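**Q** File follows, final20.tsv with TSV, C-alpha atoms and all ligand atoms:
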chain	number	residue	atom	x	y	z
C	29	MET	CA	13.32	19.05	-28.06
C	30	LYS	CA	13.30	15.50	-29.22
C	31	ASN	CA	10.21	14.21	-30.87
C	32	ALA	CA	8.91	11.85	-28.18
C	33	ARG	CA	6.62	9.02	-29.12
C	34	SER	CA	3.25	8.95	-27.44
C	35	ALA	CA	2.51	6.65	-24.53
C	36	GLU	CA	-0.02	4.91	-26.78
C	37	GLU	CA	2.61	4.17	-29.47
C	38	ILE	CA	5.11	2.85	-26.96
C	39	ALA	CA	2.47	0.70	-25.22
C	40	ARG	CA	1.39	-0.76	-28.57
C	41	GLU	CA	4.98	-1.64	-29.45
C	42	TYR	CA	5.39	-3.45	-26.11
C	43	ARG	CA	2.11	-5.34	-26.58
C	44	LYS	CA	3.29	-6.52	-30.00
C	45	ARG	CA	6.72	-7.39	-28.68
C	46	LEU	CA	5.12	-9.66	-26.06
C	47	GLY	CA	2.62	-11.08	-28.57
C	48	VAL	CA	-0.42	-9.93	-26.59
C	49	ASP	CA	-1.70	-7.12	-28.79
C	50	HIS	CA	-4.93	-9.01	-29.57
C	51	LEU	CA	-5.75	-9.69	-25.92
C	52	GLN	CA	-8.19	-7.58	-23.94
C	53	TRP	CA	-7.88	-8.46	-20.26
C	54	LEU	CA	-4.18	-9.04	-19.63
C	55	ASP	CA	-3.33	-11.69	-17.11
C	56	PRO	CA	-0.31	-10.78	-14.94
C	57	MET	CA	1.18	-14.30	-15.06
C	58	THR	CA	1.04	-14.31	-18.88
C	59	ILE	CA	2.79	-10.95	-19.07
C	60	LEU	CA	5.46	-11.90	-16.54
C	61	THR	CA	6.13	-15.22	-18.29
C	62	LYS	CA	6.41	-13.55	-21.70
C	63	LEU	CA	8.66	-10.89	-20.22
C	64	ARG	CA	10.96	-13.58	-18.88
C	65	HIS	CA	11.27	-15.08	-22.38
C	66	GLU	CA	11.66	-11.72	-24.09
C	67	ILE	CA	14.18	-10.01	-21.78
C	68	SER	CA	17.31	-12.08	-21.29
C	69	GLY	CA	17.98	-12.82	-17.63
C	70	CYS	CA	14.81	-11.15	-16.42
C	71	ASP	CA	12.92	-12.93	-13.68
C	72	PHE	CA	10.23	-12.31	-11.12
C	73	ALA	CA	9.57	-13.53	-7.60
C	74	THR	CA	6.87	-13.15	-5.02
C	75	VAL	CA	8.14	-11.94	-1.68
C	76	ALA	CA	6.79	-11.18	1.77
C	77	PRO	CA	5.07	-7.79	1.51
C	78	GLY	CA	7.34	-6.33	4.20
C	79	GLU	CA	10.41	-6.87	2.01
C	80	ILE	CA	9.39	-4.16	-0.46
C	81	ALA	CA	6.89	-2.07	1.53
C	82	PRO	CA	5.53	0.48	0.95
C	83	ALA	CA	5.84	-0.58	-2.72
C	84	LEU	CA	3.51	-3.30	-4.02
C	85	ALA	CA	6.02	-4.41	-6.66
C	86	LYS	CA	9.57	-3.39	-7.44
C	87	TRP	CA	11.94	-3.71	-10.43
C	88	ASP	CA	15.67	-3.85	-9.76
C	89	SER	CA	17.60	-3.58	-13.05
C	90	GLY	CA	20.89	-4.62	-11.40
C	91	ARG	CA	19.43	-7.96	-10.33
C	92	LYS	CA	17.07	-8.07	-13.34
C	93	LEU	CA	14.35	-9.00	-10.91
C	94	ILE	CA	10.76	-7.91	-10.37
C	95	ARG	CA	9.78	-8.55	-6.78
C	96	ILE	CA	6.04	-8.69	-6.14
C	97	GLY	CA	4.39	-8.80	-2.73
C	98	GLU	CA	2.55	-12.10	-2.28
C	99	ASP	CA	-0.66	-10.30	-1.38
C	100	THR	CA	-0.40	-8.07	-4.46
C	101	PHE	CA	0.26	-11.04	-6.74
C	102	ALA	CA	-2.75	-12.92	-5.36
C	103	ALA	CA	-5.02	-9.89	-5.73
C	104	ALA	CA	-3.79	-9.20	-9.27
C	105	ASN	CA	-4.85	-12.63	-10.49
C	106	ILE	CA	-8.49	-12.14	-9.61
C	107	PRO	CA	-10.18	-10.37	-12.55
C	108	ARG	CA	-11.90	-7.11	-11.73
C	109	SER	CA	-11.11	-7.21	-8.05
C	110	GLU	CA	-8.01	-5.15	-7.40
C	111	GLY	CA	-7.00	-2.55	-9.98
C	112	ARG	CA	-4.07	-1.25	-8.00
C	113	ALA	CA	-2.35	-4.64	-7.76
C	114	ARG	CA	-2.49	-5.31	-11.50
C	115	PHE	CA	-1.45	-1.78	-12.34
C	116	SER	CA	1.59	-2.02	-10.05
C	117	ILE	CA	2.80	-5.26	-11.63
C	118	PHE	CA	2.34	-3.99	-15.20
C	119	HIS	CA	3.97	-0.70	-14.24
C	120	GLU	CA	7.12	-2.62	-13.26
C	121	ALA	CA	6.89	-4.63	-16.51
C	122	ILE	CA	6.93	-1.32	-18.42
C	123	HIS	CA	10.14	-0.32	-16.61
C	124	VAL	CA	11.65	-3.62	-17.76
C	125	LEU	CA	10.48	-3.22	-21.37
C	126	GLY	CA	11.72	0.39	-21.37
C	127	GLY	CA	15.17	-0.71	-20.25
C	128	HIS	CA	15.03	1.65	-17.27
C	129	GLU	CA	18.15	1.37	-15.15
C	130	GLY	CA	17.96	1.45	-11.38
C	131	ALA	CA	15.65	0.25	-8.67
C	132	PHE	CA	12.06	1.35	-9.08
C	133	ASN	CA	8.87	1.25	-7.16
C	134	ARG	CA	5.70	3.24	-7.43
C	135	LEU	CA	6.29	5.10	-4.20
C	136	PRO	CA	9.72	6.73	-4.52
C	137	GLY	CA	11.34	7.82	-1.29
C	138	ARG	CA	11.62	11.47	-0.42
C	139	SER	CA	15.31	11.39	0.38
C	140	GLU	CA	16.58	11.80	-3.19
C	141	ILE	CA	18.26	15.04	-4.13
C	142	PRO	CA	15.77	17.38	-5.86
C	143	GLY	CA	17.25	17.15	-9.39
C	144	TYR	CA	17.16	13.39	-9.38
C	145	ALA	CA	13.76	13.27	-7.73
C	146	GLN	CA	12.33	15.48	-10.47
C	147	LYS	CA	13.70	13.23	-13.22
C	148	LEU	CA	12.41	10.19	-11.38
C	149	ARG	CA	8.97	11.73	-10.99
C	150	ALA	CA	8.85	12.48	-14.73
C	151	LEU	CA	9.89	8.92	-15.55
C	152	GLU	CA	7.30	7.53	-13.13
C	153	ALA	CA	4.55	9.71	-14.61
C	154	SER	CA	5.41	8.61	-18.15
C	155	THR	CA	5.62	4.97	-17.04
C	156	ASP	CA	2.14	5.29	-15.52
C	157	LYS	CA	0.76	6.66	-18.82
C	158	ILE	CA	2.34	3.85	-20.83
C	159	THR	CA	1.02	1.31	-18.31
C	160	ALA	CA	-2.55	2.60	-18.69
C	161	ALA	CA	-2.27	2.46	-22.50
C	162	PHE	CA	-0.71	-1.01	-22.27
C	163	MET	CA	-3.67	-2.28	-20.22
C	164	ALA	CA	-6.38	-0.46	-22.20
C	165	PRO	CA	-5.07	0.34	-25.70
C	166	ARG	CA	-7.18	2.60	-27.87
C	167	HIS	CA	-7.55	0.08	-30.71
C	168	LEU	CA	-9.45	-2.32	-28.45
C	169	ILE	CA	-11.80	0.32	-27.12
C	170	SER	CA	-14.95	1.02	-29.12
C	171	ASP	CA	-16.19	4.57	-29.55
C	172	ASN	CA	-19.59	3.68	-28.14
C	173	TRP	CA	-18.19	2.33	-24.89
C	174	SER	CA	-18.91	4.10	-21.65
C	175	VAL	CA	-16.20	5.31	-19.31
C	176	GLU	CA	-17.19	2.39	-17.05
C	177	ASP	CA	-16.55	-0.12	-19.86
C	178	VAL	CA	-13.10	1.31	-20.42
C	179	ALA	CA	-12.38	1.30	-16.70
C	180	LEU	CA	-12.95	-2.45	-16.59
C	181	PHE	CA	-9.74	-2.95	-18.56
C	182	LEU	CA	-7.82	-1.29	-15.81
C	183	VAL	CA	-9.05	-3.43	-12.93
M	1	ZN	ZN	7.98	3.02	-11.41
For the file at hand, write its structure as structure tokens.

**A**
Amino acid sequence: MKNARSAEEIAREYRKRLGVDHLQWLDPMTILTKLRHEISGCDFATVAPGEIAPALAKWDSGRKLIRIGEDTFAAANIPRSEGRARFSIFHEAIHVLGGHEGAFNRLPGRSEIPGYAQKLRALEASTDKITAAFMAPRHLISDNWSVEDVALFLV
């Protein structure tokens, strides 16, 4: 067994790498712009939702491109309105920062062979954990906060 780093540690490293470790509410445009500077050749584009449906956002490592549905991008830029949209965009950013190879979305198809699907599911689950820690890192959360306070980071 290799000694895996925790999702919190990885998320913290990514926040520092992008220079946003001091920020509380992360703005998707800021993260995407910083990602573009940090990862050579990486870019993002908004697309018609139908192009990537049922995914809201999708990272393709071959093209080094994050495609984001226009509706998702619009929703993600309104603070505290649409948690799912922001989470989906940051989830793809974590794939990029993690150097994950392949084409990813948050709703993997069911046609993959079982062995691969299992690995993909594990990678998706760990990416989700890192994404949550990236959006709401422990060091910015006070002990006396309520669950509702913490949840506001995620929306
Ligand atoms: Zn994913």

**Q** Could you list the protein, DNA and RNA residues that have any atom within 10 Å of ligand ZN 1 (chain M), counting all atoms listed in the file, and write them as a ChimeraX atom specification?

**A** /C:83,85-87,116-124,128,131-136,148-149,151-156,159

**Q** One decimal, Å: what's the distance from CA of Ile59 in chain C over to CA of Gly78 in chain C, could you say?

**A**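 If I compute the distance from CA of Ile59 in chain C to CA of Gly78 in chain C, I get 24.2 Å.
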
**Q** Provide the CA of Leu60 in chain C to CA of Thr74 in chain C distance in Å, to one decimal place.

**A**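 These two atoms are separated by 11.7 Å.
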
**Q** Ala39 in chain C: which residues within 8 Å, counting all atoms listed in the file, same-chain residues fewer than 4 positions away excluded, as a list in words?

**A**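 Returned residues: Ala35, Arg43, Ile158, Thr159, Ala161, Phe162 and Pro165 of chain C.
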
**Q** Could you check the closest approach to Lys157 in chain C for each of C:Glu79, C:Gly130, C:Asn105, C:Phe115 and tell me which residue wins, using all atoms listed in the file?

**A** C:Phe115

**Q** What does the distance between CA of Arg45 in chain C and CA of Glu129 in chain C come to in Å, to one decimal place?

**A**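 Spanning CA of Arg45 in chain C to CA of Glu129 in chain C is a straight-line distance of 19.8 Å.
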
**Q** Identify which of the residues C:Ala113, C:Cys70, C:Met163, C:Ile94 lies closest to Val48 in chain C, counting only C-alpha atoms when measuring atom-to-atom distances.

**A**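 For Val48 in chain C, the nearest of the given residues is C:Met163.
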
**Q** Rank C:Arg40, C:Lys147, C:His167, C:Arg114 by their smallest atom-to-atom distance to Asp55 in chain C, using all atoms listed in the file, and report the top residue only.

**A**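 Closest to Asp55 in chain C of all the choices is C:Arg114.
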
**Q** Name the closest residue to Asp99 in chain C among the candidates C:Ile67, C:Ala81, C:Leu125, C:Ala76; distances are taken between atoms, counting all atoms listed in the file.

**A**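 Between C:Ile67, C:Ala81, C:Leu125, C:Ala76, the residue approaching Asp99 in chain C most closely is C:Ala76.
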
**Q** Write out as a PDB file with C-alpha atoms, keeping the file's coordinate frame each polymer residue whose atoms come within 9 Å of Leu168 in chain C, counting only C-alpha atoms; drop sequence neighbours fewer than 2 positions from it.

**A**
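Done, and the output landed in around_38.pdb:
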ATOM      1  CA  HIS C  50      -4.930  -9.010 -29.570  1.00  0.00           C
ATOM      2  CA  LEU C  51      -5.750  -9.690 -25.920  1.00  0.00           C
ATOM      3  CA  GLN C  52      -8.190  -7.580 -23.940  1.00  0.00           C
ATOM      4  CA  ALA C 164      -6.380  -0.460 -22.200  1.00  0.00           C
ATOM      5  CA  PRO C 165      -5.070   0.340 -25.700  1.00  0.00           C
ATOM      6  CA  ARG C 166      -7.180   2.600 -27.870  1.00  0.00           C
ATOM      7  CA  SER C 170     -14.950   1.020 -29.120  1.00  0.00           C
TER       8      SER C 170
END

**Q** Taking all atoms listed in the file into account, which of C:Ala150, C:Glu66, C:Asp88, C:Leu93 comes nearest Lys44 in chain C?

**A** C:Glu66
